[in-house]
file work_11.cif (mmCIF, C-alpha atoms and all ligand atoms)
data_model
#
loop_
_atom_site.label_atom_id
_atom_site.label_comp_id
_atom_site.auth_asym_id
_atom_site.auth_seq_id
_atom_site.Cartn_x
_atom_site.Cartn_y
_atom_site.Cartn_z
CA MET A 82 91.07 89.95 137.05
CA PRO A 83 90.29 88.26 140.39
CA ALA A 84 87.42 85.81 140.31
CA PRO A 85 84.23 87.23 141.78
CA ASN A 86 83.72 86.02 145.29
CA PRO A 87 80.16 84.85 145.93
CA LEU A 88 80.70 84.17 149.66
CA THR A 89 78.06 85.86 151.79
CA THR A 90 78.31 86.96 155.42
CA THR A 91 75.63 84.41 156.30
CA GLN A 92 77.68 81.59 154.85
CA LEU A 93 80.75 82.80 156.67
CA VAL A 94 78.94 83.18 159.98
CA GLY A 95 77.26 79.81 159.51
CA TYR A 96 80.63 78.17 158.94
CA LEU A 97 82.30 79.86 161.93
CA SER A 98 79.49 79.24 164.38
CA GLU A 99 79.21 75.63 163.35
CA LYS A 100 82.92 75.02 163.74
CA TYR A 101 83.86 77.25 166.66
CA GLY A 102 80.67 78.26 168.45
CA SER A 103 79.80 81.88 169.10
CA GLN A 104 83.17 83.20 170.43
CA ILE A 105 85.49 83.72 167.51
CA ASN A 106 89.19 84.64 167.65
CA ALA A 107 91.73 85.67 165.04
CA ASP A 108 92.93 82.08 164.43
CA HIS A 109 89.36 81.02 163.67
CA VAL A 110 88.99 83.88 161.22
CA ARG A 111 92.31 83.04 159.58
CA GLU A 112 91.25 79.41 159.16
CA ALA A 113 87.87 80.43 157.71
CA ALA A 114 89.60 82.84 155.34
CA SER A 115 91.83 80.09 154.01
CA HIS A 116 88.89 77.66 153.87
CA PHE A 117 86.96 80.04 151.62
CA GLY A 118 90.08 81.23 149.78
CA ILE A 119 89.65 84.88 150.66
CA GLY A 120 91.97 87.30 152.44
CA TYR A 121 92.06 87.83 156.20
CA ALA A 122 91.20 91.51 155.84
CA THR A 123 88.17 90.75 153.64
CA THR A 124 87.00 88.18 156.15
CA THR A 125 87.23 90.57 159.09
CA LYS A 126 85.37 93.18 157.05
CA ARG A 127 82.52 90.72 156.61
CA LEU A 128 82.49 90.19 160.36
CA ARG A 129 82.45 93.88 161.21
CA LYS A 130 79.09 93.87 162.91
CA PHE A 131 80.15 91.03 165.21
CA TYR A 132 83.37 92.75 166.30
CA VAL A 133 83.81 92.99 170.09
CA GLN A 134 87.47 93.98 170.55
CA ARG A 135 90.79 93.34 168.88
CA GLY A 136 90.96 89.64 167.89
CA THR A 137 87.47 88.84 169.25
CA TRP A 138 84.14 88.49 167.53
CA SER A 139 80.87 87.35 169.08
CA LEU A 140 78.26 85.53 167.08
CA GLU A 141 75.96 85.30 170.12
CA GLN A 142 73.61 87.93 168.73
CA VAL A 143 73.12 85.81 165.61
CA LYS A 144 71.97 82.93 167.78
CA ASP A 145 69.61 85.24 169.68
CA GLN A 146 68.21 86.55 166.46
CA LEU A 147 67.70 83.06 165.11
CA GLU A 148 65.92 81.92 168.26
CA ARG A 149 63.69 84.96 168.17
CA GLN A 150 62.77 84.20 164.61
CA ILE A 151 62.06 80.57 165.31
CA THR A 152 59.60 81.42 168.08
CA SER A 153 58.08 84.18 166.00
CA PRO A 154 56.83 82.70 162.76
CA SER A 155 55.85 86.13 161.54
CA VAL A 156 59.32 86.53 160.04
CA ILE A 157 57.80 85.08 156.92
CA PRO A 158 54.75 87.16 156.19
CA GLU A 159 51.64 85.12 156.80
CA ILE A 160 49.23 84.78 153.95
CA GLN A 161 48.20 88.38 153.43
CA GLN A 162 46.07 88.08 150.38
CA ASN A 163 42.36 87.61 150.46
CA LEU A 164 41.72 83.90 150.56
CA LYS A 165 38.03 84.23 149.81
CA PRO A 166 37.59 82.95 146.27
CA GLN A 167 35.98 85.14 143.64
CA LYS A 168 32.54 84.26 142.37
CA ASP A 169 32.73 82.71 138.91
CA PRO A 170 30.13 84.27 136.60
CA ASN A 171 29.99 81.04 134.59
CA PHE A 172 29.24 78.82 137.55
CA VAL A 173 26.01 76.81 137.48
CA PRO A 174 25.24 74.84 140.66
CA PHE A 175 24.23 71.22 140.21
CA GLY A 176 24.48 67.78 141.84
CA ASN A 177 26.15 67.79 145.24
CA PHE A 178 26.78 71.50 145.26
CA SER A 179 24.02 72.46 147.70
CA ASP A 180 25.07 69.70 150.12
CA VAL A 181 28.74 70.70 149.97
CA LYS A 182 27.69 74.28 150.60
CA LYS A 183 25.53 73.19 153.53
CA ILE A 184 28.44 71.41 155.18
CA ILE A 185 30.66 74.46 154.80
CA SER A 186 28.00 76.85 156.06
CA SER A 187 27.35 74.64 159.11
CA LYS A 188 30.91 75.42 160.24
CA LEU A 189 30.97 71.91 161.68
CA PHE A 190 34.20 70.00 161.37
CA TYR A 191 33.12 67.31 158.93
CA PRO A 192 35.85 65.97 156.62
CA THR A 193 34.31 65.39 153.23
CA PHE A 194 35.54 63.41 150.24
CA ILE A 195 34.37 64.21 146.70
CA THR A 196 35.15 61.64 144.06
CA GLY A 197 34.37 61.64 140.35
CA LEU A 198 35.77 61.65 136.85
CA SER A 199 38.03 64.45 135.70
CA GLY A 200 36.68 67.87 134.81
CA ASN A 201 33.19 67.65 136.25
CA GLY A 202 33.41 70.54 138.68
CA LYS A 203 34.65 68.95 141.92
CA THR A 204 37.25 71.60 142.66
CA LEU A 205 35.11 74.40 141.27
CA SER A 206 32.13 73.45 143.43
CA VAL A 207 34.16 73.72 146.66
CA GLU A 208 35.67 76.99 145.49
CA GLN A 209 32.30 78.45 144.54
CA ALA A 210 30.61 77.26 147.74
CA CYS A 211 33.26 79.23 149.67
CA ALA A 212 32.84 82.21 147.34
CA GLN A 213 29.09 82.25 147.90
CA LEU A 214 29.49 81.86 151.66
CA ASN A 215 32.27 84.43 151.83
CA ARG A 216 34.57 81.87 153.43
CA GLU A 217 38.32 81.52 153.19
CA LEU A 218 39.61 78.59 151.21
CA ILE A 219 43.13 77.22 151.14
CA ARG A 220 43.68 74.83 148.27
CA VAL A 221 46.60 72.44 148.29
CA ASN A 222 47.33 70.39 145.22
CA ILE A 223 48.55 67.07 146.45
CA THR A 224 51.23 65.15 144.59
CA ILE A 225 53.26 62.07 145.41
CA GLU A 226 55.97 64.44 146.67
CA THR A 227 53.73 66.24 149.18
CA ASP A 228 55.08 65.79 152.68
CA GLU A 229 54.81 67.12 156.22
CA ASP A 230 57.00 70.07 155.39
CA ASP A 231 54.67 71.14 152.56
CA LEU A 232 51.51 70.61 154.58
CA ILE A 233 52.32 71.47 158.18
CA GLY A 234 55.32 73.72 157.68
CA GLY A 235 59.05 73.88 158.16
CA PHE A 236 62.07 76.08 158.25
CA ARG A 237 62.77 78.31 155.28
CA LEU A 238 65.69 80.52 154.41
CA VAL A 239 64.63 84.15 154.40
CA ASN A 240 67.22 86.84 153.71
CA GLY A 241 69.90 84.33 154.57
CA GLN A 242 68.33 83.30 157.85
CA THR A 243 66.22 80.37 158.91
CA ALA A 244 62.67 81.02 159.97
CA TRP A 245 59.67 78.85 160.68
CA HIS A 246 57.03 78.94 157.99
CA ASN A 247 53.47 77.78 158.56
CA GLY A 248 52.27 75.28 156.01
CA PRO A 249 48.80 75.63 154.46
CA VAL A 250 47.22 73.19 156.91
CA VAL A 251 48.37 75.18 159.94
CA GLU A 252 47.33 78.39 158.25
CA ALA A 253 43.84 76.99 157.61
CA LEU A 254 43.58 75.66 161.19
CA GLU A 255 44.52 79.04 162.64
CA ARG A 256 42.19 80.98 160.35
CA GLY A 257 39.21 78.64 160.59
CA ALA A 258 39.38 78.32 156.81
CA VAL A 259 38.29 75.49 154.55
CA LEU A 260 41.23 73.32 153.54
CA LEU A 261 40.90 71.74 150.11
CA LEU A 262 43.14 68.73 149.59
CA ASP A 263 42.87 68.65 145.84
CA GLU A 264 43.60 65.39 144.03
CA VAL A 265 44.33 63.67 147.30
CA ASP A 266 44.62 60.24 145.68
CA LEU A 267 47.97 61.26 144.21
CA ALA A 268 49.40 61.33 147.73
CA SER A 269 51.95 58.98 149.23
CA ASN A 270 51.75 57.71 152.80
CA LYS A 271 53.32 60.97 153.90
CA ILE A 272 49.80 62.37 153.93
CA LEU A 273 49.29 60.41 157.14
CA CYS A 274 50.80 63.37 159.01
CA LEU A 275 47.25 64.75 158.79
CA GLN A 276 45.66 61.94 160.81
CA SER A 277 45.19 63.90 164.03
CA ILE A 278 43.93 66.92 162.13
CA LEU A 279 41.34 64.76 160.39
CA GLU A 280 40.10 63.75 163.83
CA GLY A 281 39.28 67.35 164.55
CA LYS A 282 42.27 67.97 166.76
CA GLY A 283 44.85 70.66 166.43
CA VAL A 284 48.45 69.92 165.65
CA PHE A 285 51.62 70.03 167.69
CA LEU A 286 54.43 71.68 165.76
CA LYS A 287 57.23 69.63 167.23
CA LYS A 288 59.99 71.60 165.52
CA ILE A 289 59.07 74.81 167.31
CA GLY A 290 57.29 73.33 170.34
CA LYS A 291 53.97 75.01 169.64
CA TYR A 292 50.45 73.62 169.69
CA VAL A 293 48.05 74.99 167.10
CA ASP A 294 44.39 74.63 167.93
CA ARG A 295 41.57 74.40 165.43
CA LYS A 296 39.54 77.57 164.99
CA PRO A 297 35.80 77.16 164.44
CA GLY A 298 34.98 76.85 160.77
CA PHE A 299 38.04 74.83 159.88
CA ASN A 300 37.14 71.89 157.71
CA VAL A 301 38.85 69.53 155.30
CA ILE A 302 37.46 68.68 151.88
CA ALA A 303 39.31 66.29 149.62
CA THR A 304 38.73 65.72 145.93
CA ALA A 305 39.93 62.79 143.88
CA ASN A 306 39.24 60.95 140.64
CA THR A 307 39.18 57.63 142.48
CA LYS A 308 37.95 56.58 145.89
CA GLY A 309 41.52 56.14 147.07
CA LYS A 310 41.63 52.50 146.01
CA GLY A 311 43.70 52.98 142.88
CA SER A 312 42.55 53.11 139.28
CA GLU A 313 41.76 49.76 137.70
CA ASP A 314 41.45 50.88 134.10
CA GLY A 315 44.67 52.87 134.17
CA ARG A 316 42.95 56.12 133.24
CA PHE A 317 44.24 57.88 136.30
CA ILE A 318 47.91 57.08 136.28
CA GLY A 319 49.66 58.24 139.41
CA THR A 320 46.71 57.68 141.71
CA ASN A 321 47.60 55.64 144.75
CA VAL A 322 45.85 53.32 147.11
CA LEU A 323 45.39 55.45 150.17
CA ASN A 324 45.78 54.18 153.69
CA GLU A 325 42.47 52.78 154.94
CA ALA A 326 42.71 54.58 158.27
CA PHE A 327 43.20 57.86 156.40
CA LEU A 328 40.09 57.27 154.26
CA GLU A 329 38.12 56.24 157.34
CA ARG A 330 38.60 59.69 158.80
CA PHE A 331 36.48 61.24 156.06
CA ALA A 332 32.94 61.31 157.33
CA LEU A 333 31.19 61.13 153.99
CA THR A 334 31.82 60.76 150.29
CA PHE A 335 30.04 62.52 147.47
CA GLU A 336 30.07 60.84 144.09
CA GLN A 337 30.20 63.67 141.59
CA GLU A 338 28.65 62.96 138.20
CA TYR A 339 28.81 65.08 135.07
CA PRO A 340 26.03 67.67 134.83
CA SER A 341 22.78 66.87 133.08
CA VAL A 342 22.38 67.92 129.43
CA LYS A 343 20.33 70.92 130.49
CA THR A 344 22.82 72.10 133.12
CA GLU A 345 25.76 71.59 130.83
CA GLN A 346 24.04 73.56 128.10
CA LYS A 347 23.49 76.36 130.59
CA ILE A 348 27.18 76.31 131.58
CA LEU A 349 28.25 76.50 127.94
CA GLU A 350 25.80 79.30 127.23
CA LYS A 351 27.16 81.30 130.14
CA VAL A 352 30.76 80.74 129.09
CA SER A 353 30.09 81.63 125.45
CA SER A 354 27.91 84.58 126.33
CA ASN A 355 30.64 85.96 128.61
CA LEU A 356 33.08 85.52 125.72
CA GLY A 357 30.70 87.37 123.42
CA VAL A 358 30.10 84.36 121.12
CA LEU A 359 26.79 82.96 122.31
CA ASP A 360 25.52 80.31 119.91
CA GLU A 361 22.68 78.50 121.63
CA GLU A 362 22.40 75.82 119.00
CA PHE A 363 26.09 74.97 119.24
CA CYS A 364 25.85 74.76 123.05
CA ALA A 365 22.85 72.43 122.81
CA ASN A 366 24.65 70.26 120.26
CA LEU A 367 27.76 70.01 122.40
CA ALA A 368 25.78 69.09 125.50
CA ASN A 369 23.93 66.35 123.60
CA TRP A 370 27.14 65.13 122.01
CA SER A 371 28.96 64.77 125.33
CA ASP A 372 25.92 63.10 126.90
CA ILE A 373 25.88 60.38 124.23
CA ILE A 374 29.65 59.93 124.56
CA ARG A 375 29.38 59.57 128.33
CA ARG A 376 26.58 57.05 128.10
CA THR A 377 28.56 55.03 125.56
CA PHE A 378 31.57 55.24 127.88
CA LYS A 379 29.51 53.96 130.81
CA ASP A 380 28.34 51.02 128.71
CA GLY A 381 31.93 50.21 127.83
CA GLY A 382 31.57 51.18 124.15
CA ILE A 383 34.36 53.73 124.25
CA ASP A 384 37.46 54.36 126.40
CA GLU A 385 37.31 58.12 126.73
CA VAL A 386 34.84 60.77 127.81
CA ILE A 387 34.34 64.40 127.03
CA SER A 388 34.43 66.32 130.30
CA THR A 389 32.72 69.59 131.11
CA ARG A 390 36.19 71.09 131.17
CA ARG A 391 36.78 69.94 127.58
CA LEU A 392 33.47 71.41 126.44
CA VAL A 393 34.56 74.72 127.92
CA HIS A 394 37.86 74.36 126.03
CA ILE A 395 35.83 73.89 122.84
CA ILE A 396 33.75 77.00 123.50
CA ARG A 397 36.93 78.98 124.06
CA ALA A 398 38.39 77.67 120.81
CA PHE A 399 35.12 78.69 119.16
CA ALA A 400 35.58 82.19 120.59
CA ILE A 401 38.96 82.33 118.85
CA TRP A 402 38.10 80.84 115.44
CA GLN A 403 34.31 81.08 115.30
CA ASP A 404 34.30 77.75 113.53
CA ARG A 405 32.40 74.93 115.23
CA LEU A 406 34.16 72.02 113.59
CA LYS A 407 37.64 73.50 113.91
CA ALA A 408 37.04 74.19 117.60
CA ILE A 409 35.95 70.61 118.21
CA LYS A 410 38.73 69.11 116.11
CA LEU A 411 41.48 71.02 117.87
CA CYS A 412 40.12 70.03 121.24
CA VAL A 413 39.70 66.31 120.49
CA ASN A 414 43.12 65.98 118.88
CA ARG A 415 44.44 64.86 122.24
CA PHE A 416 42.66 61.49 121.89
CA ASP A 417 43.94 58.55 119.86
CA ASP A 418 42.98 58.53 116.17
CA GLU A 419 40.13 56.04 116.46
CA THR A 420 38.49 57.79 119.40
CA LYS A 421 38.99 61.18 117.81
CA GLN A 422 37.35 60.07 114.58
CA SER A 423 34.40 58.51 116.36
CA PHE A 424 33.87 61.71 118.37
CA LEU A 425 33.93 63.79 115.19
CA ASP A 426 31.62 61.42 113.33
CA LEU A 427 29.17 61.55 116.17
CA TYR A 428 29.19 65.32 116.23
CA ASP A 429 28.62 65.34 112.50
CA LYS A 430 25.43 63.31 113.00
CA ILE A 431 24.18 65.75 115.62
CA ASP A 432 24.98 68.98 113.83
CA VAL A 433 23.79 69.16 110.25
CA ASN A 434 25.44 72.53 109.78
CA VAL A 435 29.05 71.47 110.06
CA GLY A 436 29.20 69.50 106.82
CA GLU A 437 30.94 66.20 106.25
CA VAL A 438 33.77 65.47 108.70
CA PRO A 439 36.84 64.47 106.69
CA SER A 440 38.32 61.16 107.76
CA ASP A 441 42.01 60.92 108.64
CA ASP A 442 42.57 57.87 106.45
N1 LIG B 501 29.10 73.80 137.77
C1 LIG B 501 29.88 74.34 136.86
N2 LIG B 501 29.61 75.57 136.38
C2 LIG B 501 30.39 76.14 135.43
N3 LIG B 501 31.48 75.56 134.93
C3 LIG B 501 31.81 74.33 135.37
C4 LIG B 501 31.04 73.67 136.36
N4 LIG B 501 31.61 72.49 136.60
C5 LIG B 501 32.69 72.41 135.83
N5 LIG B 501 32.83 73.51 135.10
C6 LIG B 501 33.91 73.76 134.12
O1 LIG B 501 34.75 72.65 134.11
C7 LIG B 501 36.07 73.03 134.51
C8 LIG B 501 36.67 71.95 135.35
O2 LIG B 501 36.12 71.94 136.64
P1 LIG B 501 36.97 71.45 137.89
O3 LIG B 501 38.35 71.92 137.77
O4 LIG B 501 36.21 71.78 139.10
O5 LIG B 501 36.95 69.89 137.63
P2 LIG B 501 37.40 68.71 138.60
O6 LIG B 501 36.21 67.82 138.75
O7 LIG B 501 38.01 69.25 139.81
O8 LIG B 501 38.46 67.98 137.67
P3 LIG B 501 39.80 67.17 138.06
O9 LIG B 501 39.31 65.86 138.63
O10 LIG B 501 40.48 66.97 136.75
O11 LIG B 501 40.54 68.00 139.02
C9 LIG B 501 35.92 74.35 135.22
O12 LIG B 501 37.08 75.11 135.11
C10 LIG B 501 34.74 74.96 134.50
O13 LIG B 501 35.18 75.57 133.30
MG MG B 502 40.01 69.27 140.46
#
call {"tool": "encode", "arguments": {"input": "work_11.cif", "output": "structure tokens"}}
result
Amino acid sequence: MPAPNPLTTTQLVGYLSEKYGSQINADHVREAASHFGIGYATTTKRLRKFYVQRGTWSLEQVKDQLERQITSPSVIPEIQQNLKPQKDPNFVPFGNFSDVKKIISSKLFYPTFITGLSGNGKTLSVEQACAQLNRELIRVNITIETDEDDLIGGFRLVNGQTAWHNGPVVEALERGAVLLLDEVDLASNKILCLQSILEGKGVFLKKIGKYVDRKPGFNVIATANTKGKGSEDGRFIGTNVLNEAFLERFALTFEQEYPSVKTEQKILEKVSSNLGVLDEEFCANLANWSDIIRRTFKDGGIDEVISTRRLVHIIRAFAIWQDRLKAIKLCVNRFDDETKQSFLDLYDKIDVNVGEVPSDD
């Protein structure tokens, strides 16, 4: 049985046009056929739509098509979905939320940096501010690999052809949306391609010779666990020291703290009530427990904290097992043995109903 031949017309045309230009004759086809190990007749069949006359094929129309696509980015459908985030029924505003919302509602271009420990609602607050203001949000999760192509855009292969594709930054600029550079301190220096944008200017797409202006309402908000100066205690591995000139372009910095005991209790009550397992006492205990842990952490007495995110994980585990201690145990298993045990012992002191916490040793 002959081996299946995976060669596509696009590959064949790409090869021919690269090697011989747009005017193709029979010798070219013969050479391409032998290059790909397929028969002459099969090759000409693949080239049927480029046939001009006996022994002549013209790839000119391919070039035309390509050029048309390059100047018309719409070949790749632009973001069609609704970019306005949904309101989260569990959301409880606190801390910097009203100020973040004020900046967004002002529609002023005012690059804003939000820094704070993990899982205290930085990303959620930006998302919910946009939800409440009915504004479009484009969130980009930054990693060390993020580059100009990911942010600004580049050429993509669509149905075997190359077409320009707007990156999220260009999309946000053109739509007047809020651009969220999430976890920006994981970036490499490639993020510096955003310098002009952070100055409130548009961007020149050099690859397609087009200038994209900034629509009113466009703004950049960055979140990070550090202030872009690296992480001294090693808790945030992968964070990088960001270029000073990049950081300087952010007008202001919010330092996001964990919610107060009362707010956190409210969050947990909302989450558990929406899961149909409201247990007010458990929520109050958890909020007090995490508050003590965080204060001990601040004083250097412990190396880990319980984030709001982790408390929500615990409530969700509680919704599954309806067992307070099991929910907590499963969710603190991720910490080293000593930390885990001290967290459990502390909870045991707060909640008289859970019984003695068995020790691991
Ligand atoms: N204000 C809030 N109201 C309700 N839930 C909250 C609030 N803040 C945080 N949470 C809960 O904590 C989770 C984590 O929040 P978020 O993802 O915004 O944290 P983050 O600060 O961006 O963390 P990271 O630095 O790890 O990205 C949310 O998914 C939500 O469950
Ligand atoms: Mg986040």
call {"tool": "residues_near_ligand", "arguments": {"input": "work_11.cif", "ligand": "ligand MG 502 (chain B)", "cutoff": "8 Å", "atoms": "all atoms listed in the file", "output": "ChimeraX atom specification"}}
result
/A:199-200,202-205,263-264,304-305
call {"tool": "atom_distance", "arguments": {"input": "work_11.cif", "atom1": "CA of Leu333 (chain A)", "atom2": "CA of Gly309 (chain A)"}}
result
13.4 Å
call {"tool": "residues_near_point", "arguments": {"input": "work_11.cif", "point": "(35.9, 65.2, 113.3)", "cutoff": "6 Å", "atoms": "only C-alpha atoms", "output": "list of chain:residue names"}}
result
A:Lys410, A:Gln422, A:Leu425, A:Asp426, A:Val438
call {"tool": "atom_distance", "arguments": {"input": "work_11.cif", "atom1": "CA of Asn270 (chain A)", "atom2": "CA of Gly311 (chain A)"}}
result
13.6 Å
call {"tool": "closest_residue", "arguments": {"input": "work_11.cif", "among": "A:Glu141, A:Glu336, A:Glu419, A:Asp231", "to": "ligand LIG 501 (chain B)", "atoms": "all atoms listed in the file"}}
result
A:Glu336
call {"tool": "residues_around", "arguments": {"input": "work_11.cif", "residues": "Arg237 (chain A)", "least_positions_apart": "5", "cutoff": "9 Å", "atoms": "only C-alpha atoms", "output": "PyMOL selection string"}}
result
chain A and resi 157+242-246
call {"tool": "atom_distance", "arguments": {"input": "work_11.cif", "atom1": "atom O4 of ligand LIG 501 (chain B)", "atom2": "CA of Asn369 (chain A)"}}
result
20.5 Å
call {"tool": "axis_aligned_box", "arguments": {"input": "work_11.cif", "around": "ligand LIG 501 (chain B)", "padding_each_side": "3 Å", "output": "JSON"}}
result
{"center_x": 34.8, "center_y": 71.0, "center_z": 136.6, "size_x": 17.4, "size_y": 16.3, "size_z": 12.5}
call {"tool": "residues_around", "arguments": {"input": "work_11.cif", "residues": "Ser187 (chain A)", "least_positions_apart": "5", "cutoff": "12 Å", "atoms": "all atoms listed in the file", "output": "list in words"}}
result
Asp180, Val181, Lys182, Leu214, Arg216, Val259, Pro297, Gly298, Phe299 and Asn300 of chain A
call {"tool": "closest_residue", "arguments": {"input": "work_11.cif", "among": "A:Phe378, A:Phe331, A:Trp370, A:Phe399", "to": "Leu356 (chain A)", "atoms": "only C-alpha atoms"}}
result
A:Phe399
call {"tool": "closest_residue", "arguments": {"input": "work_11.cif", "among": "A:Ile289, A:Phe335, A:Thr377, A:Gln92", "to": "Ser179 (chain A)", "atoms": "all atoms listed in the file"}}
result
A:Phe335
call {"tool": "residues_around", "arguments": {"input": "work_11.cif", "residues": "Lys130 (chain A)", "least_positions_apart": "5", "cutoff": "12 Å", "atoms": "only C-alpha atoms", "output": "VMD selection string"}}
result
chain A and resid 90 94 124 to 125 137 to 143
call {"tool": "write_last_selection", "arguments": {"input": "work_11.cif", "atoms": "C-alpha atoms", "output": "PDB file, keeping the file's coordinate frame"}}
result
ATOM      1  CA  THR A  90      78.310  86.960 155.420  1.00  0.00           C
ATOM      2  CA  VAL A  94      78.940  83.180 159.980  1.00  0.00           C
ATOM      3  CA  THR A 124      87.000  88.180 156.150  1.00  0.00           C
ATOM      4  CA  THR A 125      87.230  90.570 159.090  1.00  0.00           C
ATOM      5  CA  THR A 137      87.470  88.840 169.250  1.00  0.00           C
ATOM      6  CA  TRP A 138      84.140  88.490 167.530  1.00  0.00           C
ATOM      7  CA  SER A 139      80.870  87.350 169.080  1.00  0.00           C
ATOM      8  CA  LEU A 140      78.260  85.530 167.080  1.00  0.00           C
ATOM      9  CA  GLU A 141      75.960  85.300 170.120  1.00  0.00           C
ATOM     10  CA  GLN A 142      73.610  87.930 168.730  1.00  0.00           C
ATOM     11  CA  VAL A 143      73.120  85.810 165.610  1.00  0.00           C
TER      12      VAL A 143
END
call {"tool": "residues_near_point", "arguments": {"input": "work_11.cif", "point": "(33.7, 56.7, 122.7)", "cutoff": "6 Å", "atoms": "all atoms listed in the file", "output": "ChimeraX atom specification"}}
result
/A:374,378,383-385,420
call {"tool": "write_last_selection", "arguments": {"input": "work_11.cif", "atoms": "C-alpha atoms", "output": "tab-separated table (two decimals), keeping the file's coordinate frame"}}
result
chain	number	residue	atom	x	y	z
A	374	ILE	CA	29.65	59.93	124.56
A	378	PHE	CA	31.57	55.24	127.88
A	383	ILE	CA	34.36	53.73	124.25
A	384	ASP	CA	37.46	54.36	126.40
A	385	GLU	CA	37.31	58.12	126.73
A	420	THR	CA	38.49	57.79	119.40
call {"tool": "closest_residue", "arguments": {"input": "work_11.cif", "among": "A:Val239, A:Leu232, A:Ile119, A:Ile225", "to": "Leu254 (chain A)", "atoms": "all atoms listed in the file"}}
result
A:Leu232
call {"tool": "residues_around", "arguments": {"input": "work_11.cif", "residues": "Leu88 (chain A)", "least_positions_apart": "3", "cutoff": "12 Å", "atoms": "all atoms listed in the file", "output": "PyMOL selection string"}}
result
chain A and resi 84-85+91-96+113-114+116-119+123-124+127+241
call {"tool": "residues_around", "arguments": {"input": "work_11.cif", "residues": "region 403-406 of chain A", "least_positions_apart": "6", "cutoff": "8 Å", "atoms": "only C-alpha atoms", "output": "PDB file with C-alpha atoms, in the coordinates of the input"}}
result
ATOM      1  CA  VAL A 358      30.100  84.360 121.120  1.00  0.00           C
ATOM      2  CA  PHE A 363      26.090  74.970 119.240  1.00  0.00           C
ATOM      3  CA  VAL A 435      29.050  71.470 110.060  1.00  0.00           C
TER       4      VAL A 435
END
call {"tool": "closest_residue", "arguments": {"input": "work_11.cif", "among": "A:Pro174, A:Gly319, A:Gly281, A:Pro192", "to": "ligand LIG 501 (chain B)", "atoms": "all atoms listed in the file"}}
result
A:Pro174
